[in-house]
Every structure is written in C-alpha cells, then in structure tokens.
Amino acid sequence: MIYLRCVFIIAYLTILCLYFFSETSGNFKRRAVNKIALAVLFEAYAVGAYLLHSPLFSMRMILPIGLFFAFLGDIFLLWNFIRGGICFSIGNLCLLLYEAMLMRYLNVSLRILFPAAAVFLLFWGTTMLLYQKEFIDFSSVRIFPAYLFSVSMHGSLGAVLAAVCRSPSIKLFGAGVFLMMISDYILSVHKFKHGANWILRCNSASYFVGTLLAALSLSLPI
C-alpha cells in the first residue's frame, strides 16, 4: 500500500509539473485536460482512501465531499469563474464543518480559535485593508471578498490544527487546507493586480499540493 501511495504521489506531482506549462501555453484543450486529470486524481484518491481506511458514513466522509466540490470548481472554473467560485465556496463550508467535527472528536480546546482568528485577520483582514486603500480592486468580481472570507475560515483553522495536533493525518489535512487558502490569495494577486505567469504557477502549486495533502490525510488514522 505504501508503494502504491508513493507511485500515486510521483505521478500526481509529474502531472502537476506538466500543468505549470500547459496552463500558460495558450492551448485551452491541453490546459483543460491537464487540470481535469489533476482534479480527478485528488478526488479519486480521497474517495478510495476513505472507503479503504474509514468506517462507512463516518464524519471523515465530509472531507471527500468537500474535495468533490473543489473538483467541480476546478472544472467549472475553466469556463465560468463565478460558477467555479460557487462550487469552491460550498467546498469551503464542508471543510470548515469537518474541522469543527474534528475538534469535537479530538476534544480540542476552543482556545485554538484565538490563534486561528489571528491567522484569519492576518490574511483576510490585511487583504480587505488593501482593498479599502484601493491597492487592489475587486470590482470585476465583487463577491470575491466573500469567497476569500469562506476559504480563510477553514484555512486559518486548519493551520492551527496542524500546529497543535500530533496526529500525522491532522497535520497533513491542516497543512493541505492552509495551502488551498494560500492559493486563493495568490490567485487574487494574479487576477486583480499582476497577471504574471509565475504567479499563476505559484497559485497552481499551492492549490494542487494542498488538495494532495488533504486527500492523503484520509490514508492515515486520525
């Protein structure tokens, strides 16, 4: 099983490296096929790992469901930014619900909400301040700040869970959703400030490594 997991990770990262070039190639079909392949891989792994390593209808089912909406978001985003954002927002709420259930299951103190709030304010609060100062302009997609709010909630809490929990599964999951959050802040820079190709590649690297880590967390016990 460990051997197969290593093969999967190598294949996934290889396809991700190819995507760094296809997403900026100007060839939409090549980009779409490459991106959909990555989305199918992380969702398929998440579902497979859940079925193999978790009781059916356990709380861990929420994670592959959340990643499924991320999978849908990846596909819709190729053609429609708003529809993709809606799917991602639903996925964000699923991931936040999963974190709340993890906290209850692990009996994690509510005091971790304070550092999580600090991380949230560092990212979302700073971005809103820059928006108010007109350093960044969301006028072309006015709902984007609300979307950032949703992803920042689960990303911030995930980062703190990864820091305070000893379980390798929780650390993988927390680091994964934190990277997914970071990818959206990188995306906001690319879409609303600087459209450089290297920024877009950083966005893809952060997001797809994040989804990989979140999916891999289902291979390990909580």
# chains A, B, ... in the order shown; residues from 1 in each chain; ligands from 1
>>> closest_atom_pairs(of="range 9-90 of chain A", to="range 143-157 of chain A", cutoff="9 Å", atoms="only C-alpha atoms", output="tab-separated table")
residue	atom	partner	partner_atom	distance
A:Ile82	CA	A:Ile143	CA	8.8
A:Gly85	CA	A:Tyr147	CA	7.2
A:Ile86	CA	A:Tyr147	CA	8.3
A:Phe88	CA	A:Tyr147	CA	8.3
A:Ser89	CA	A:Tyr147	CA	6.2
A:Ile90	CA	A:Ser150	CA	8.9
>>> closest_atom_pairs(of="range 28-133 of chain A", to="range 168-177 of chain A", cutoff="9 Å", atoms="only C-alpha atoms", output="CSV")
residue,atom,partner,partner_atom,distance
A:Leu95,CA,A:Val177,CA,8.1
A:Glu99,CA,A:Gly174,CA,8.9
A:Leu102,CA,A:Ile170,CA,8.8
>>> write_last_selection(atoms="C-alpha atoms", output="short mmCIF file (atom, residue, chain, number, x, y, z; two decimals), in the first residue's frame")
data_model
loop_
_atom_site.label_atom_id
_atom_site.label_comp_id
_atom_site.auth_asym_id
_atom_site.auth_seq_id
_atom_site.Cartn_x
_atom_site.Cartn_y
_atom_site.Cartn_z
CA LEU A 95 -14.10 21.65 5.06
CA GLU A 99 -12.72 20.85 11.12
CA LEU A 102 -12.53 17.04 14.26
#
>>> closest_atom_pairs(of="range 86-165 of chain A", to="range 190-207 of chain A", cutoff="12 Å", atoms="only C-alpha atoms", output="tab-separated table")
residue	atom	partner	partner_atom	distance
A:Phe88	CA	A:Tyr207	CA	11.9
A:Thr127	CA	A:Phe192	CA	11.8
A:Leu130	CA	A:Lys193	CA	11.4
A:Tyr131	CA	A:Phe192	CA	10.5
A:Glu134	CA	A:Lys193	CA	10.9
A:Phe135	CA	A:Lys193	CA	8.4
A:Ile136	CA	A:Lys193	CA	6.3
A:Asp137	CA	A:Phe192	CA	6.1
A:Phe138	CA	A:Phe192	CA	6.5
A:Ser139	CA	A:Phe192	CA	9.0
A:Ser140	CA	A:Phe192	CA	8.4
A:Val141	CA	A:Phe192	CA	9.2
A:Arg142	CA	A:Phe192	CA	11.3
A:Phe144	CA	A:Phe192	CA	10.3
A:Pro145	CA	A:Phe192	CA	11.8
A:Val151	CA	A:Tyr207	CA	11.9
A:Gly155	CA	A:Tyr207	CA	11.7
>>> residues_around(residues="Leu78 in chain A", least_positions_apart="2", cutoff="12 Å", atoms="only C-alpha atoms", output="list in words")
Glu23, Phe28, Lys29, Arg30, Arg31, Ala32, Val33, Asn34, Lys35, Ile36, Phe71, Leu72, Gly73, Asp74, Ile75, Phe76, Asn80, Phe81, Ile82, Arg83, Gly84 and Gly85 of chain A
>>> atom_distance(atom1="CA of Phe114 in chain A", atom2="CA of Ser183 in chain A")
23.1 Å
>>> atom_distance(atom1="CA of Val160 in chain A", atom2="CA of Leu187 in chain A")
22.6 Å
>>> atom_distance(atom1="CA of Phe208 in chain A", atom2="CA of Leu67 in chain A")
11.3 Å
>>> closest_residue(among="A:Gly210, A:Gly48, A:Pro221, A:Gly158", to="Met103 in chain A", atoms="only C-alpha atoms")
A:Gly158
>>> residues_around(residues="range 12-14 of chain A", least_positions_apart="6", cutoff="10 Å", atoms="only C-alpha atoms", output="list in words")
Cys6, Ala37, Leu38, Ala39, Leu41, Phe42, Ala205, Phe208, Val209 and Leu212 of chain A
>>> write_last_selection(atoms="N, CA and C atoms", output="PDB file, in the first residue's frame")
ATOM      1  N   CYS A   6       3.231   5.926  -2.955  1.00  0.00           N
ATOM      2  CA  CYS A   6       4.385   6.648  -3.491  1.00  0.00           C
ATOM      3  C   CYS A   6       4.285   6.813  -5.005  1.00  0.00           C
ATOM      4  N   ALA A  37      -7.361  16.197 -15.193  1.00  0.00           N
ATOM      5  CA  ALA A  37      -6.655  14.992 -14.752  1.00  0.00           C
ATOM      6  C   ALA A  37      -6.210  15.124 -13.299  1.00  0.00           C
ATOM      7  N   LEU A  38      -5.681  16.285 -12.937  1.00  0.00           N
ATOM      8  CA  LEU A  38      -5.263  16.515 -11.557  1.00  0.00           C
ATOM      9  C   LEU A  38      -6.449  16.471 -10.606  1.00  0.00           C
ATOM     10  N   ALA A  39      -7.552  17.110 -11.006  1.00  0.00           N
ATOM     11  CA  ALA A  39      -8.742  17.136 -10.158  1.00  0.00           C
ATOM     12  C   ALA A  39      -9.317  15.735  -9.963  1.00  0.00           C
ATOM     13  N   LEU A  41      -7.657  12.973 -10.087  1.00  0.00           N
ATOM     14  CA  LEU A  41      -6.720  12.190  -9.271  1.00  0.00           C
ATOM     15  C   LEU A  41      -6.896  12.472  -7.782  1.00  0.00           C
ATOM     16  N   PHE A  42      -6.958  13.757  -7.390  1.00  0.00           N
ATOM     17  CA  PHE A  42      -7.052  14.008  -5.942  1.00  0.00           C
ATOM     18  C   PHE A  42      -8.412  13.571  -5.397  1.00  0.00           C
ATOM     19  N   ALA A 205       0.572  25.506  -7.848  1.00  0.00           N
ATOM     20  CA  ALA A 205       1.414  24.673  -6.983  1.00  0.00           C
ATOM     21  C   ALA A 205       0.824  24.590  -5.583  1.00  0.00           C
ATOM     22  N   PHE A 208      -2.830  22.624  -5.746  1.00  0.00           N
ATOM     23  CA  PHE A 208      -2.837  21.193  -6.032  1.00  0.00           C
ATOM     24  C   PHE A 208      -1.985  20.400  -5.039  1.00  0.00           C
ATOM     25  N   VAL A 209      -0.960  20.998  -4.462  1.00  0.00           N
ATOM     26  CA  VAL A 209      -0.247  20.320  -3.372  1.00  0.00           C
ATOM     27  C   VAL A 209      -1.152  20.264  -2.142  1.00  0.00           C
ATOM     28  N   LEU A 212      -3.685  17.561  -2.591  1.00  0.00           N
ATOM     29  CA  LEU A 212      -2.991  16.277  -2.451  1.00  0.00           C
ATOM     30  C   LEU A 212      -2.814  15.917  -0.980  1.00  0.00           C
TER      31      LEU A 212
END
>>> select_by_dssp(residues="range 8-209 of chain A", states="helix (DSSP H, G or I)", output="PyMOL selection string")
chain A and resi 8-22+28-53+59-77+81-106+110-132+144-164+168-192+197-209
>>> closest_residue(among="A:Ile182, A:Ala11, A:Ser219, A:Leu213", to="Leu122 in chain A", atoms="only C-alpha atoms")
A:Ile182
>>> decode(residues="range 50-79 of chain A", atoms="N, CA, C and O atoms", output="tab-separated table (two decimals), in the first residue's frame")
chain	number	residue	atom	x	y	z
A	50	TYR	N	-10.83	6.99	1.70
A	50	TYR	CA	-11.92	6.99	2.69
A	50	TYR	C	-12.59	5.62	2.77
A	50	TYR	O	-12.82	5.09	3.87
A	51	LEU	N	-12.88	5.02	1.62
A	51	LEU	CA	-13.55	3.72	1.62
A	51	LEU	C	-12.67	2.62	2.20
A	51	LEU	O	-13.17	1.67	2.82
A	52	LEU	N	-11.35	2.74	2.02
A	52	LEU	CA	-10.44	1.71	2.50
A	52	LEU	C	-10.09	1.84	3.98
A	52	LEU	O	-9.83	0.85	4.66
A	53	HIS	N	-10.05	3.09	4.48
A	53	HIS	CA	-9.49	3.31	5.80
A	53	HIS	C	-10.45	3.89	6.83
A	53	HIS	O	-10.05	4.11	7.98
A	54	SER	N	-11.69	4.14	6.45
A	54	SER	CA	-12.64	4.74	7.39
A	54	SER	C	-13.96	3.97	7.37
A	54	SER	O	-14.35	3.42	6.34
A	55	PRO	N	-14.66	3.94	8.51
A	55	PRO	CA	-15.99	3.32	8.53
A	55	PRO	C	-16.93	4.08	7.59
A	55	PRO	O	-16.85	5.30	7.46
A	56	LEU	N	-17.81	3.35	6.94
A	56	LEU	CA	-18.76	3.98	6.05
A	56	LEU	C	-19.69	4.89	6.84
A	56	LEU	O	-20.11	4.57	7.95
A	57	PHE	N	-19.99	6.07	6.28
A	57	PHE	CA	-20.84	7.08	6.91
A	57	PHE	C	-20.25	7.65	8.20
A	57	PHE	O	-20.97	8.06	9.09
A	58	SER	N	-18.93	7.65	8.29
A	58	SER	CA	-18.28	8.32	9.42
A	58	SER	C	-18.12	9.80	9.09
A	58	SER	O	-18.38	10.25	7.98
A	59	MET	N	-17.65	10.57	10.07
A	59	MET	CA	-17.50	12.01	9.85
A	59	MET	C	-16.45	12.31	8.79
A	59	MET	O	-16.49	13.38	8.16
A	60	ARG	N	-15.54	11.36	8.54
A	60	ARG	CA	-14.49	11.60	7.54
A	60	ARG	C	-15.06	11.66	6.12
A	60	ARG	O	-14.38	12.12	5.20
A	61	MET	N	-16.30	11.24	5.97
A	61	MET	CA	-16.95	11.32	4.66
A	61	MET	C	-17.06	12.77	4.18
A	61	MET	O	-17.11	13.05	2.99
A	62	ILE	N	-17.08	13.71	5.12
A	62	ILE	CA	-17.25	15.12	4.77
A	62	ILE	C	-16.05	15.63	3.97
A	62	ILE	O	-16.20	16.49	3.09
A	63	LEU	N	-14.86	15.09	4.24
A	63	LEU	CA	-13.66	15.56	3.53
A	63	LEU	C	-13.71	15.24	2.04
A	63	LEU	O	-13.52	16.15	1.22
A	64	PRO	N	-13.94	13.99	1.62
A	64	PRO	CA	-14.06	13.77	0.17
A	64	PRO	C	-15.22	14.51	-0.47
A	64	PRO	O	-15.16	14.88	-1.65
A	65	ILE	N	-16.29	14.79	0.32
A	65	ILE	CA	-17.38	15.59	-0.22
A	65	ILE	C	-16.91	17.02	-0.47
A	65	ILE	O	-17.19	17.62	-1.53
A	66	GLY	N	-16.17	17.58	0.49
A	66	GLY	CA	-15.62	18.92	0.31
A	66	GLY	C	-14.67	18.98	-0.87
A	66	GLY	O	-14.71	19.94	-1.66
A	67	LEU	N	-13.83	17.97	-1.01
A	67	LEU	CA	-12.91	17.92	-2.15
A	67	LEU	C	-13.64	17.70	-3.46
A	67	LEU	O	-13.17	18.13	-4.52
A	68	PHE	N	-14.81	17.05	-3.39
A	68	PHE	CA	-15.61	16.87	-4.60
A	68	PHE	C	-16.09	18.22	-5.14
A	68	PHE	O	-16.09	18.44	-6.36
A	69	PHE	N	-16.49	19.11	-4.24
A	69	PHE	CA	-16.90	20.44	-4.69
A	69	PHE	C	-15.70	21.24	-5.22
A	69	PHE	O	-15.85	22.07	-6.11
A	70	ALA	N	-14.51	20.97	-4.66
A	70	ALA	CA	-13.30	21.58	-5.22
A	70	ALA	C	-13.04	21.03	-6.62
A	70	ALA	O	-12.66	21.77	-7.54
A	71	PHE	N	-13.26	19.73	-6.79
A	71	PHE	CA	-13.15	19.09	-8.10
A	71	PHE	C	-14.10	19.74	-9.11
A	71	PHE	O	-13.71	20.08	-10.23
A	72	LEU	N	-15.36	19.93	-8.70
A	72	LEU	CA	-16.32	20.60	-9.58
A	72	LEU	C	-15.89	22.04	-9.87
A	72	LEU	O	-16.02	22.53	-10.99
A	73	GLY	N	-15.37	22.71	-8.84
A	73	GLY	CA	-14.91	24.07	-9.02
A	73	GLY	C	-13.80	24.17	-10.05
A	73	GLY	O	-13.77	25.09	-10.88
A	74	ASP	N	-12.88	23.21	-10.01
A	74	ASP	CA	-11.79	23.20	-10.98
A	74	ASP	C	-12.32	23.09	-12.41
A	74	ASP	O	-11.82	23.74	-13.33
A	75	ILE	N	-13.34	22.26	-12.60
A	75	ILE	CA	-13.90	22.06	-13.93
A	75	ILE	C	-14.68	23.29	-14.39
A	75	ILE	O	-14.46	23.82	-15.48
A	76	PHE	N	-15.58	23.78	-13.54
A	76	PHE	CA	-16.38	24.95	-13.91
A	76	PHE	C	-15.52	26.18	-14.14
A	76	PHE	O	-15.83	27.03	-14.98
A	77	LEU	N	-14.44	26.28	-13.37
A	77	LEU	CA	-13.58	27.47	-13.46
A	77	LEU	C	-12.94	27.61	-14.84
A	77	LEU	O	-12.58	28.71	-15.25
A	78	LEU	N	-12.82	26.50	-15.55
A	78	LEU	CA	-12.25	26.56	-16.90
A	78	LEU	C	-13.12	27.37	-17.84
A	78	LEU	O	-12.63	27.97	-18.80
A	79	TRP	N	-14.44	27.39	-17.57
A	79	TRP	CA	-15.37	28.08	-18.45
A	79	TRP	C	-16.09	29.26	-17.80
A	79	TRP	O	-16.45	30.20	-18.49
